[in-house]
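Q: Let me begin by handing over the structure; questions about it come next.
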Amino acid sequence: SKATNLAVHGLHPRITHALVNMPMMFGPLSLVGYYSCIKPRMEHAPSSTTKACFRTVLCKSTIIFGLLVLSCAPHQEPRFILPCIVPLVFLYGRNVVGMDDVRIHPRKRAMLTASWVVFNSILYIFFGWLHQGGLIPSLLHLPLPTKLYKGSPEAVIYYKTYMPPTFLARGRSLGTCSIAHDERSRVSGEKEISLACDNQVIIDLQGREAEVLREVLHERLPCDQRNEESVLLITPAPVMMTSLAEKKWREYTFLSVHGHRTHVSTEDWPIFNGTFRSFNDQMELVTYHIYCTTEE
C-alpha cells in the first residue's frame with residue numbers, strides 16, 4: 001500500500017494492532033492469548049491430542065499470521081483485526097470466564113464472567129454511542145433552515161470525521177460529491193482535491209491538513225470581493241480550539257449554529273483545561289456557518 005494514500009486516513013506505528021487494537025477489541029481474550037504464547041500448556045486429553053493440537057495450531061496460526069500481515073500496513077484500524085474474534089473465542093473463551101477448570105471457586109468464576117460483561121459494556125458505550133456518535137445525526141439534520149443565516153449555504157464540508165454516509169441525505173435537496181473521485185474541478189497543486197458538484201453538496205475532507213480546508217474554502221467561498229454566499233462546516237469541537245484557532249482564519253466568520261452531543265473522535269480528543277465541564281462540552285460534533293468577515 002502507498003503510505004501517501006494511507007496518510008489521508010492516518011498513519012500508525014507497526015505495533016499498533018498488537019499493543020493497542022488487540023487489547024482494545026478483545027480485552028481479556030487477547031491477554032490470555034498472549035499469555036498462552038509465552039507459557040504454552042496441554043489443554044486436551046491424551047486420547048484427542050492429535051486432533052486437538054491440529055485445531056489449536058490452526059487457530060493460533062490464523063491469529064499470528066493475520067496479525068503479522070496486517071501489521072505491515074502503516075494504517076491500522078481496530079476493525080481490520082475483527083476476524084480474529086473467531087479463533088480467539090474458540091481457543092480461550094472458556095478460559096476467560098473460568099469454565100475450563102472445575103477447581104475454580106464459583107465466586108471467582110462469577111467475578112470473571114462479570115469482568116467480561118463489564119469490559120464489553122464499556123466498549124459498547126464508547127464505540128456504539130460515543131465514538132463518532134454525532135455523524136449520523138448531523139446528516140439527518142440536514143438541510144438546516146437557511147432563513148437563519150446570512151446567505152444560503154451552498155456546500156456542507158465534513159472535516160476530521162469518519163466518511164459520512166451521504167445516502168442518508170438523498171431526496172432532501174442535497175447533492176452528494178466525493179472529493180476524492182469527482183473529476184469536474186480540482187484545486188491546483190499536488191493534493192488534487194475535487195470540489196465541484198451541482199446544487200448544495202457534501203464535501204468529505206476526512207483527516208486532511210488545515211491548509212486543504214483553506215483551499216476548499218477559498219474555492220467555494222472567495223472573500224477577495226463582496227460575497228454573500230456561505231458554507232457549513234461540520235467538525236469536532238476540539239478542532240476549532242486547535243487547527244482553526246489561528247489568526248490566518250480571520251477572513252472567515254465561524255458561527256456555531258448546531259451541535260450534536262456524545263461525539264468523540266480518537267484523532268481529536270477533547271482538551272482538558274482544568275474543568276470536567278469544559279471537557280464534557282467538547283464531546284460534540286459542531287455545525288459552523290461560515291461566511292466572509294465584513295468590516296463595519
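How things are named: the first chain in the C-alpha cells is A, the next is B, and so on; residues count from 1 in each chain; ligands count from 1 in the order shown.
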Residues within 9 Å of range 279-287 of chain A, please, as an MDAnalysis selection string. Count only C-alpha atoms; anything in the same chain fewer than 4 positions from it doesn't count.

A: chainID A and resid 130 132:135 138 161 232:238 255:265 269:275

Q: Write out the residues from the selection above, keeping N, CA, C and O atoms, as a CSV table (one decimal), in the first residue's frame.

A:
chain,number,residue,atom,x,y,z
A,130,LEU,N,-20.6,6.8,21.8
A,130,LEU,CA,-19.7,8.0,21.8
A,130,LEU,C,-18.9,8.2,20.6
A,130,LEU,O,-18.8,9.3,20.0
A,132,GLN,N,-17.6,8.9,17.3
A,132,GLN,CA,-18.2,9.4,16.0
A,132,GLN,C,-19.7,9.4,16.1
A,132,GLN,O,-20.4,9.2,15.1
A,133,GLY,N,-20.2,9.6,17.3
A,133,GLY,CA,-21.7,9.4,17.6
A,133,GLY,C,-22.5,10.5,17.0
A,133,GLY,O,-23.7,10.3,16.8
A,134,GLY,N,-21.9,11.7,16.6
A,134,GLY,CA,-22.7,12.8,16.1
A,134,GLY,C,-22.8,12.8,14.6
A,134,GLY,O,-23.5,13.6,14.0
A,135,LEU,N,-22.1,11.8,13.9
A,135,LEU,CA,-22.0,11.8,12.5
A,135,LEU,C,-23.4,11.6,11.8
A,135,LEU,O,-23.8,12.4,10.9
A,138,SER,N,-26.0,14.4,12.4
A,138,SER,CA,-25.7,15.6,11.7
A,138,SER,C,-26.2,15.5,10.3
A,138,SER,O,-26.6,16.5,9.7
A,161,THR,N,-13.7,13.9,10.5
A,161,THR,CA,-14.7,13.0,10.9
A,161,THR,C,-14.5,11.7,10.0
A,161,THR,O,-13.8,11.7,9.0
A,232,LEU,N,-21.4,25.4,5.2
A,232,LEU,CA,-21.5,24.8,6.5
A,232,LEU,C,-20.3,23.9,6.7
A,232,LEU,O,-19.9,23.2,5.8
A,233,LEU,N,-19.7,24.0,7.9
A,233,LEU,CA,-18.6,23.2,8.3
A,233,LEU,C,-19.0,22.3,9.5
A,233,LEU,O,-19.4,22.9,10.5
A,234,ILE,N,-18.9,21.0,9.3
A,234,ILE,CA,-19.2,20.1,10.4
A,234,ILE,C,-17.9,19.4,10.9
A,234,ILE,O,-17.3,18.7,10.1
A,235,THR,N,-17.5,19.7,12.1
A,235,THR,CA,-16.2,19.2,12.6
A,235,THR,C,-16.3,19.0,14.1
A,235,THR,O,-17.1,19.7,14.8
A,236,PRO,N,-15.5,18.2,14.7
A,236,PRO,CA,-15.5,18.0,16.2
A,236,PRO,C,-15.1,19.3,16.9
A,236,PRO,O,-14.3,20.1,16.4
A,237,ALA,N,-15.7,19.6,18.1
A,237,ALA,CA,-15.4,20.8,18.8
A,237,ALA,C,-13.9,21.0,19.1
A,237,ALA,O,-13.5,22.2,19.0
A,238,PRO,N,-13.1,20.0,19.5
A,238,PRO,CA,-11.7,20.3,19.7
A,238,PRO,C,-10.9,20.8,18.5
A,238,PRO,O,-9.9,21.5,18.7
A,255,LEU,N,-19.7,30.7,12.8
A,255,LEU,CA,-20.8,30.9,13.7
A,255,LEU,C,-21.4,29.5,14.1
A,255,LEU,O,-21.8,28.8,13.2
A,256,SER,N,-21.3,29.1,15.3
A,256,SER,CA,-21.8,27.8,15.8
A,256,SER,C,-23.3,27.9,15.8
A,256,SER,O,-23.9,28.7,16.5
A,257,VAL,N,-23.9,27.0,14.9
A,257,VAL,CA,-25.4,27.0,14.8
A,257,VAL,C,-26.1,25.8,15.3
A,257,VAL,O,-27.3,25.8,15.5
A,258,HIS,N,-25.3,24.7,15.5
A,258,HIS,CA,-25.9,23.5,15.9
A,258,HIS,C,-24.8,22.5,16.4
A,258,HIS,O,-23.7,22.6,16.0
A,259,GLY,N,-25.2,21.7,17.4
A,259,GLY,CA,-24.2,20.8,17.9
A,259,GLY,C,-24.9,19.4,18.2
A,259,GLY,O,-26.0,19.4,18.6
A,260,HIS,N,-24.1,18.4,18.0
A,260,HIS,CA,-24.6,17.0,18.3
A,260,HIS,C,-23.7,16.4,19.4
A,260,HIS,O,-22.5,16.1,19.1
A,261,ARG,N,-24.3,16.3,20.6
A,261,ARG,CA,-23.5,15.8,21.7
A,261,ARG,C,-23.2,14.3,21.6
A,261,ARG,O,-23.6,13.6,20.7
A,262,THR,N,-22.5,13.9,22.6
A,262,THR,CA,-22.0,12.5,22.6
A,262,THR,C,-21.2,12.1,21.4
A,262,THR,O,-21.5,11.1,20.7
A,263,HIS,N,-20.3,13.0,21.0
A,263,HIS,CA,-19.4,12.7,19.9
A,263,HIS,C,-17.9,12.8,20.3
A,263,HIS,O,-17.5,13.8,20.8
A,264,VAL,N,-17.2,11.7,20.1
A,264,VAL,CA,-15.8,11.6,20.5
A,264,VAL,C,-15.0,11.1,19.3
A,264,VAL,O,-15.4,10.1,18.6
A,265,SER,N,-14.0,11.8,18.9
A,265,SER,CA,-13.0,11.4,17.9
A,265,SER,C,-11.7,11.1,18.5
A,265,SER,O,-11.1,11.9,19.2
A,269,TRP,N,-9.0,14.3,20.5
A,269,TRP,CA,-9.6,14.1,21.8
A,269,TRP,C,-10.0,15.5,22.4
A,269,TRP,O,-9.3,16.5,22.1
A,270,PRO,N,-11.0,15.5,23.2
A,270,PRO,CA,-11.3,16.8,24.0
A,270,PRO,C,-10.1,17.2,24.8
A,270,PRO,O,-9.3,16.4,25.3
A,271,ILE,N,-9.9,18.5,24.9
A,271,ILE,CA,-8.7,19.0,25.6
A,271,ILE,C,-9.1,19.3,27.1
A,271,ILE,O,-10.1,20.1,27.3
A,272,PHE,N,-8.4,18.8,28.0
A,272,PHE,CA,-8.7,19.0,29.4
A,272,PHE,C,-7.9,20.3,29.8
A,272,PHE,O,-6.7,20.3,29.8
A,273,ASN,N,-8.7,21.3,30.2
A,273,ASN,CA,-8.1,22.6,30.6
A,273,ASN,C,-8.4,22.9,32.1
A,273,ASN,O,-8.4,24.1,32.4
A,274,GLY,N,-8.7,21.9,32.8
A,274,GLY,CA,-8.8,22.1,34.3
A,274,GLY,C,-10.2,21.8,34.8
A,274,GLY,O,-10.3,21.6,36.0
A,275,THR,N,-11.2,21.8,34.0
A,275,THR,CA,-12.6,21.5,34.4
A,275,THR,C,-13.2,20.4,33.6
A,275,THR,O,-13.0,20.3,32.4

Q: I'd like the contact shell of Val57 in chain A - 12 Å cut-off, only C-alpha atoms, skipping same-chain residues fewer than 5 positions apart - returned as a CSV table (one decimal) with N, CA and C atoms, in the first residue's frame.

A:
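part39.csv was written with the following content:
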chain,number,residue,atom,x,y,z
A,37,CYS,N,0.9,-17.9,24.5
A,37,CYS,CA,2.0,-18.0,23.6
A,37,CYS,C,3.4,-18.0,24.4
A,40,PRO,N,2.9,-22.0,27.0
A,40,PRO,CA,2.0,-22.9,26.5
A,40,PRO,C,1.8,-24.1,27.4
A,49,THR,N,-5.3,-35.8,21.5
A,49,THR,CA,-4.2,-34.9,21.4
A,49,THR,C,-3.9,-34.5,20.0
A,50,THR,N,-3.9,-35.4,19.1
A,50,THR,CA,-3.6,-35.1,17.7
A,50,THR,C,-4.6,-34.1,17.1
A,51,LYS,N,-5.9,-34.5,17.2
A,51,LYS,CA,-6.9,-33.6,16.6
A,51,LYS,C,-7.0,-32.3,17.3
A,52,ALA,N,-6.9,-32.3,18.6
A,52,ALA,CA,-6.9,-31.0,19.4
A,52,ALA,C,-5.7,-30.1,19.1
A,62,THR,N,-3.7,-18.8,12.5
A,62,THR,CA,-4.6,-17.8,11.8
A,62,THR,C,-4.4,-16.5,12.5
A,63,ILE,N,-4.4,-16.5,13.8
A,63,ILE,CA,-4.3,-15.2,14.6
A,63,ILE,C,-2.9,-14.5,14.3
A,64,ILE,N,-1.8,-15.3,14.5
A,64,ILE,CA,-0.5,-14.8,14.4
A,64,ILE,C,-0.2,-14.3,13.0
A,65,PHE,N,-0.5,-15.1,12.0
A,65,PHE,CA,-0.2,-14.8,10.6
A,65,PHE,C,-1.0,-13.6,10.2
A,87,PRO,N,-11.2,-17.4,16.1
A,87,PRO,CA,-10.2,-18.3,16.7
A,87,PRO,C,-9.9,-18.0,18.2
A,90,PHE,N,-12.7,-19.5,20.2
A,90,PHE,CA,-12.6,-21.0,20.2
A,90,PHE,C,-11.5,-21.5,21.1
A,91,LEU,N,-10.4,-20.7,21.2
A,91,LEU,CA,-9.2,-21.2,22.0
A,91,LEU,C,-9.4,-20.8,23.5

Q: With only C-alpha atoms as the atoms that count, which of A:Ile85, A:Ala155, A:Ile104, A:Leu139 lies nearest to Pro23 in chain A?

A: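 Of the candidates, the smallest distance to Pro23 in chain A is held by A:Ile85.
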
Q: Pick out the closest residue to Val156 in chain A from this set: A:Cys59, A:Leu112, A:Ile290, A:Val97. Count only C-alpha atoms.

A: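 With only C-alpha atoms as the atom set, the closest residue is A:Ile290.
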
Q: When you look at Thr113 in chain A with a cut-off of 12 Å (counting only C-alpha atoms), what residues show up, excluding the ones that are within fewer than 2 positions of it in the same chain? I need them as a ChimeraX atom specification.

A: /A:28,93-99,106-111,115-120

Q: My list of candidates is A:Val231, A:Ile15, A:Arg208, A:Val216. Which is closest to Leu68 in chain A when distances are computed with only C-alpha atoms?

A: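 Ranking A:Val231, A:Ile15, A:Arg208, A:Val216 by distance to Leu68 in chain A, first place goes to A:Ile15.
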
Q: Nearest to Leu205 in chain A among A:Tyr34, A:Phe167, A:Tyr159, A:Tyr124, with distances taken over only C-alpha atoms: which residue is it?

A: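 Looking only at the distances to Leu205 in chain A, the closest residue turns out to be A:Tyr159.
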